Amino acid sequence: MNDNMEEKRMAGDYEIIQAVQIGDREVVLGENPQDETGMKYMCAFCRQNALFAEYSEVMASDDFPEIVELFGQRIAEQAQKTHIELNKPRIQGIDDCPITAEGCTPISHEDDLHGKIVVIKPEVLRREYRRATRQLKLCLGGFGASPHSRGSACYCVDLYTGKESRYERMDVLGTIQPENLPGWAKHGLTAIQQEQVKKETTKERER
């Protein structure tokens, strides 16, 4: 067996032969030549993380062109859904151009990122998310947030969506001072900080 061969990606008995990730879901196309029920091909949506993959809206057929057509339709629908999501009224009219190194302060191994506003490198993000509204995060902690740490994980919360995520320290382009944030980001930061105070208050009451 060739150790250099990539491990096949499987969804049950189906090998994933094509996959396109856009927005919050991935569209996959699978094949199982050994299937004896007449359903050799399948198309599904997939959401996955480091631990597991969840497949939904699975459609199977013995007609390859039919499944490929469905695959294409679902990609187009997901692309349209993502386009609408990324261009909601509240984002219209704001500067959403990607933040470059010139627009932030570079970090060194000496910097403590706890509680700092970090800018994620555009190239780390998927193509549709390479924009300011997906680059600015509040770093909450993680080993990677500490200076000279052996760990690299930085746990953050998005200033635009409020969603939590994990990045590596090497993914951080730099930091921005709160007073230099655009208006939408200041609003997001305030909302996150208020939520944190609320959680701390609740914890204190429960003790």
# chains A, B, ... in the order shown; residues from 1 in each chain; ligands from 1
$ select_by_dssp --residues "range 31-81 of chain A" --states "strand (DSSP E)" --output "list in words"
Glu31, Tyr41, Met42, Cys43, Ala44, Phe45, Cys46, Arg47, Gln48, Ala53, Glu54, Tyr55, Ser56, Glu57, Val58, Met59, Ala60 and Ser61 of chain A
$ write_last_selection --atoms "C-alpha atoms" --output "short mmCIF file (atom, residue, chain, number, x, y, z; two decimals), in the first residue's frame"
data_model
loop_
_atom_site.label_atom_id
_atom_site.label_comp_id
_atom_site.auth_asym_id
_atom_site.auth_seq_id
_atom_site.Cartn_x
_atom_site.Cartn_y
_atom_site.Cartn_z
CA GLU A 31 -20.03 7.30 -5.65
CA TYR A 41 -24.40 7.99 -6.85
CA MET A 42 -25.45 10.47 -4.21
CA CYS A 43 -25.53 14.20 -3.55
CA ALA A 44 -25.80 15.77 -0.09
CA PHE A 45 -25.08 18.81 2.03
CA CYS A 46 -22.35 18.50 4.64
CA ARG A 47 -21.41 20.36 7.80
CA GLN A 48 -18.27 19.22 9.56
CA ALA A 53 -19.21 15.30 9.57
CA GLU A 54 -22.99 15.57 9.31
CA TYR A 55 -24.67 14.84 5.96
CA SER A 56 -28.19 16.01 5.23
CA GLU A 57 -30.72 16.11 2.39
CA VAL A 58 -29.08 13.06 0.87
CA MET A 59 -30.35 12.16 -2.60
CA ALA A 60 -29.23 8.95 -4.34
CA SER A 61 -29.66 7.71 -7.90
#
$ residues_around --residues "Ser152 in chain A" --least-positions-apart "2" --cutoff "6 Å" --atoms "only C-alpha atoms" --output "CSV table (one decimal) with all heavy atoms, in the first residue's frame"
chain,number,residue,atom,x,y,z
A,143,PHE,N,-4.1,28.9,24.4
A,143,PHE,CA,-2.7,28.9,24.6
A,143,PHE,C,-2.0,29.8,23.7
A,143,PHE,O,-1.0,30.4,24.0
A,143,PHE,CB,-2.1,27.5,24.5
A,143,PHE,CG,-2.5,26.6,25.6
A,143,PHE,CD1,-3.3,25.4,25.4
A,143,PHE,CD2,-2.1,26.8,26.9
A,143,PHE,CE1,-3.6,24.6,26.5
A,143,PHE,CE2,-2.5,26.0,28.0
A,143,PHE,CZ,-3.2,24.9,27.7
A,144,GLY,N,-2.5,29.9,22.4
A,144,GLY,CA,-1.8,30.7,21.4
A,144,GLY,C,-1.9,32.2,21.7
A,144,GLY,O,-1.2,33.0,21.1
A,168,GLU,N,-5.3,29.7,14.6
A,168,GLU,CA,-4.0,29.5,15.1
A,168,GLU,C,-3.3,30.9,15.2
A,168,GLU,O,-3.7,31.8,14.5
A,168,GLU,CB,-3.2,28.7,14.1
A,168,GLU,CG,-3.8,27.3,13.9
A,168,GLU,CD,-3.9,26.5,15.2
A,168,GLU,OE1,-2.9,26.4,15.9
A,168,GLU,OE2,-5.0,25.9,15.4
A,169,ARG,N,-2.4,31.0,16.1
A,169,ARG,CA,-1.7,32.3,16.3
A,169,ARG,C,-1.1,32.8,14.9
A,169,ARG,O,-1.1,34.0,14.6
A,169,ARG,CB,-0.6,32.2,17.4
A,169,ARG,CG,0.0,33.6,17.7
A,169,ARG,CD,1.1,33.4,18.8
A,169,ARG,NE,1.7,34.7,19.1
A,169,ARG,CZ,1.4,35.5,20.2
A,169,ARG,NH1,0.4,35.1,21.0
A,169,ARG,NH2,2.0,36.7,20.4
$ select_by_dssp --residues "range 83-180 of chain A" --states "alpha helix (DSSP H)" --output "list of chain:residue names"
A:His83, A:Ile84, A:Glu85, A:Leu86, A:Ala132, A:Thr133, A:Arg134, A:Gln135
$ write_last_selection --atoms "N, CA, C and O atoms" --output "mmCIF file, in the first residue's frame"
data_model
loop_
_atom_site.group_PDB
_atom_site.id
_atom_site.type_symbol
_atom_site.label_atom_id
_atom_site.label_comp_id
_atom_site.auth_asym_id
_atom_site.auth_seq_id
_atom_site.Cartn_x
_atom_site.Cartn_y
_atom_site.Cartn_z
ATOM 1 N N HIS A 83 -24.516 34.753 -1.004
ATOM 2 C CA HIS A 83 -24.461 36.122 -1.546
ATOM 3 C C HIS A 83 -25.439 37.029 -0.797
ATOM 4 O O HIS A 83 -25.084 38.159 -0.411
ATOM 5 N N ILE A 84 -26.653 36.545 -0.583
ATOM 6 C CA ILE A 84 -27.667 37.323 0.132
ATOM 7 C C ILE A 84 -27.226 37.564 1.577
ATOM 8 O O ILE A 84 -27.338 38.666 2.110
ATOM 9 N N GLU A 85 -26.692 36.521 2.211
ATOM 10 C CA GLU A 85 -26.247 36.620 3.600
ATOM 11 C C GLU A 85 -25.131 37.653 3.760
ATOM 12 O O GLU A 85 -25.098 38.404 4.747
ATOM 13 N N LEU A 86 -24.215 37.678 2.795
ATOM 14 C CA LEU A 86 -23.073 38.585 2.874
ATOM 15 C C LEU A 86 -23.393 40.002 2.423
ATOM 16 O O LEU A 86 -22.545 40.894 2.524
ATOM 17 N N ALA A 132 -13.476 42.507 5.568
ATOM 18 C CA ALA A 132 -13.255 43.044 6.914
ATOM 19 C C ALA A 132 -14.242 42.488 7.931
ATOM 20 O O ALA A 132 -13.872 42.225 9.076
ATOM 21 N N THR A 133 -15.491 42.309 7.527
ATOM 22 C CA THR A 133 -16.507 41.848 8.467
ATOM 23 C C THR A 133 -16.268 40.426 8.956
ATOM 24 O O THR A 133 -16.908 39.990 9.913
ATOM 25 N N ARG A 134 -15.361 39.693 8.328
ATOM 26 C CA ARG A 134 -15.026 38.351 8.790
ATOM 27 C C ARG A 134 -13.598 38.242 9.298
ATOM 28 O O ARG A 134 -13.162 37.185 9.726
ATOM 29 N N GLN A 135 -12.863 39.344 9.270
ATOM 30 C CA GLN A 135 -11.475 39.336 9.738
ATOM 31 C C GLN A 135 -11.324 39.786 11.190
ATOM 32 O O GLN A 135 -10.390 39.379 11.865
#
$ atom_distance --atom1 "CA of Arg74 in chain A" --atom2 "CA of Val28 in chain A"
9.4 Å
$ residues_around --residues "range 172-188 of chain A" --least-positions-apart "3" --cutoff "7 Å" --atoms "only C-alpha atoms" --output "ChimeraX atom specification"
/A:101,104-107,116-121,159-160,169,191-192
$ write_last_selection --atoms "N, CA, C and O atoms" --output "PDB file, in the first residue's frame"
ATOM      1  N   ALA A 101      -1.916  44.319   5.975  1.00  0.00           N
ATOM      2  CA  ALA A 101      -0.919  44.553   7.024  1.00  0.00           C
ATOM      3  C   ALA A 101      -0.782  46.043   7.349  1.00  0.00           C
ATOM      4  O   ALA A 101      -0.487  46.412   8.487  1.00  0.00           O
ATOM      5  N   CYS A 104      -3.212  47.455  10.246  1.00  0.00           N
ATOM      6  CA  CYS A 104      -3.184  46.952  11.627  1.00  0.00           C
ATOM      7  C   CYS A 104      -1.748  46.937  12.149  1.00  0.00           C
ATOM      8  O   CYS A 104      -0.800  47.217  11.405  1.00  0.00           O
ATOM      9  N   THR A 105      -1.595  46.612  13.423  1.00  0.00           N
ATOM     10  CA  THR A 105      -0.278  46.559  14.055  1.00  0.00           C
ATOM     11  C   THR A 105       0.213  45.113  14.097  1.00  0.00           C
ATOM     12  O   THR A 105      -0.456  44.258  14.685  1.00  0.00           O
ATOM     13  N   PRO A 106       1.344  44.812  13.467  1.00  0.00           N
ATOM     14  CA  PRO A 106       1.859  43.430  13.466  1.00  0.00           C
ATOM     15  C   PRO A 106       2.120  42.930  14.884  1.00  0.00           C
ATOM     16  O   PRO A 106       2.398  43.727  15.796  1.00  0.00           O
ATOM     17  N   ILE A 107       2.040  41.639  15.095  1.00  0.00           N
ATOM     18  CA  ILE A 107       2.305  41.070  16.419  1.00  0.00           C
ATOM     19  C   ILE A 107       3.650  40.348  16.408  1.00  0.00           C
ATOM     20  O   ILE A 107       4.157  39.952  15.360  1.00  0.00           O
ATOM     21  N   LYS A 116      -7.588  41.286  23.092  1.00  0.00           N
ATOM     22  CA  LYS A 116      -7.217  42.182  21.998  1.00  0.00           C
ATOM     23  C   LYS A 116      -8.122  41.945  20.775  1.00  0.00           C
ATOM     24  O   LYS A 116      -8.656  40.861  20.576  1.00  0.00           O
ATOM     25  N   ILE A 117      -8.249  43.005  19.963  1.00  0.00           N
ATOM     26  CA  ILE A 117      -8.940  42.877  18.685  1.00  0.00           C
ATOM     27  C   ILE A 117      -7.907  42.411  17.669  1.00  0.00           C
ATOM     28  O   ILE A 117      -6.929  43.120  17.400  1.00  0.00           O
ATOM     29  N   VAL A 118      -8.097  41.212  17.132  1.00  0.00           N
ATOM     30  CA  VAL A 118      -7.127  40.663  16.179  1.00  0.00           C
ATOM     31  C   VAL A 118      -7.718  40.671  14.770  1.00  0.00           C
ATOM     32  O   VAL A 118      -8.935  40.604  14.584  1.00  0.00           O
ATOM     33  N   VAL A 119      -6.817  40.759  13.806  1.00  0.00           N
ATOM     34  CA  VAL A 119      -7.191  40.732  12.395  1.00  0.00           C
ATOM     35  C   VAL A 119      -6.693  39.416  11.812  1.00  0.00           C
ATOM     36  O   VAL A 119      -5.495  39.115  11.883  1.00  0.00           O
ATOM     37  N   ILE A 120      -7.592  38.641  11.262  1.00  0.00           N
ATOM     38  CA  ILE A 120      -7.221  37.358  10.661  1.00  0.00           C
ATOM     39  C   ILE A 120      -6.738  37.590   9.232  1.00  0.00           C
ATOM     40  O   ILE A 120      -7.319  38.387   8.478  1.00  0.00           O
ATOM     41  N   LYS A 121      -5.678  36.900   8.842  1.00  0.00           N
ATOM     42  CA  LYS A 121      -5.145  37.038   7.487  1.00  0.00           C
ATOM     43  C   LYS A 121      -6.218  36.648   6.461  1.00  0.00           C
ATOM     44  O   LYS A 121      -6.876  35.614   6.617  1.00  0.00           O
ATOM     45  N   LEU A 159     -16.631  39.963  15.542  1.00  0.00           N
ATOM     46  CA  LEU A 159     -17.254  41.245  15.854  1.00  0.00           C
ATOM     47  C   LEU A 159     -18.493  41.515  15.008  1.00  0.00           C
ATOM     48  O   LEU A 159     -19.342  42.331  15.378  1.00  0.00           O
ATOM     49  N   TYR A 160     -18.613  40.833  13.883  1.00  0.00           N
ATOM     50  CA  TYR A 160     -19.769  41.058  13.005  1.00  0.00           C
ATOM     51  C   TYR A 160     -20.898  40.072  13.291  1.00  0.00           C
ATOM     52  O   TYR A 160     -22.056  40.459  13.437  1.00  0.00           O
ATOM     53  N   ARG A 169      -2.360  31.038  16.117  1.00  0.00           N
ATOM     54  CA  ARG A 169      -1.671  32.332  16.274  1.00  0.00           C
ATOM     55  C   ARG A 169      -1.065  32.779  14.949  1.00  0.00           C
ATOM     56  O   ARG A 169      -1.060  33.971  14.631  1.00  0.00           O
ATOM     57  N   ALA A 191     -21.531  45.073  22.018  1.00  0.00           N
ATOM     58  CA  ALA A 191     -22.537  44.030  22.244  1.00  0.00           C
ATOM     59  C   ALA A 191     -21.915  42.789  22.881  1.00  0.00           C
ATOM     60  O   ALA A 191     -22.486  42.196  23.798  1.00  0.00           O
ATOM     61  N   ILE A 192     -20.716  42.420  22.425  1.00  0.00           N
ATOM     62  CA  ILE A 192     -20.024  41.255  22.971  1.00  0.00           C
ATOM     63  C   ILE A 192     -19.626  41.508  24.426  1.00  0.00           C
ATOM     64  O   ILE A 192     -19.789  40.643  25.296  1.00  0.00           O
TER      65      ILE A 192
END
$ residues_around --residues "Leu140 in chain A" --least-positions-apart "4" --cutoff "9 Å" --atoms "only C-alpha atoms" --output "list in words"
Leu113, His114, Gly115, Lys116, Ala145, Cys154, Tyr155, Cys156 and Val157 of chain A
$ write_last_selection --atoms "N, CA and C atoms" --output "CSV table (one decimal), in the first residue's frame"
chain,number,residue,atom,x,y,z
A,113,LEU,N,-2.3,38.3,23.5
A,113,LEU,CA,-3.5,38.6,22.7
A,113,LEU,C,-4.8,38.6,23.4
A,114,HIS,N,-4.8,38.2,24.7
A,114,HIS,CA,-6.0,38.1,25.5
A,114,HIS,C,-6.7,39.5,25.5
A,115,GLY,N,-8.0,39.5,25.1
A,115,GLY,CA,-8.8,40.7,25.1
A,115,GLY,C,-8.5,41.7,24.0
A,116,LYS,N,-7.6,41.3,23.1
A,116,LYS,CA,-7.2,42.2,22.0
A,116,LYS,C,-8.1,41.9,20.8
A,145,ALA,N,-2.8,32.6,22.6
A,145,ALA,CA,-3.0,34.0,23.0
A,145,ALA,C,-1.9,34.5,23.9
A,154,CYS,N,-6.0,30.1,19.3
A,154,CYS,CA,-6.6,31.3,19.8
A,154,CYS,C,-8.1,31.2,19.6
A,155,TYR,N,-8.8,31.4,20.7
A,155,TYR,CA,-10.3,31.3,20.7
A,155,TYR,C,-10.8,32.7,20.6
A,156,CYS,N,-11.7,33.0,19.6
A,156,CYS,CA,-12.1,34.3,19.3
A,156,CYS,C,-13.6,34.4,19.1
A,157,VAL,N,-14.1,35.6,19.1
A,157,VAL,CA,-15.5,35.8,18.8
A,157,VAL,C,-15.6,36.9,17.7
$ atom_distance --atom1 "CA of Asp13 in chain A" --atom2 "CA of Gln73 in chain A"
23.6 Å
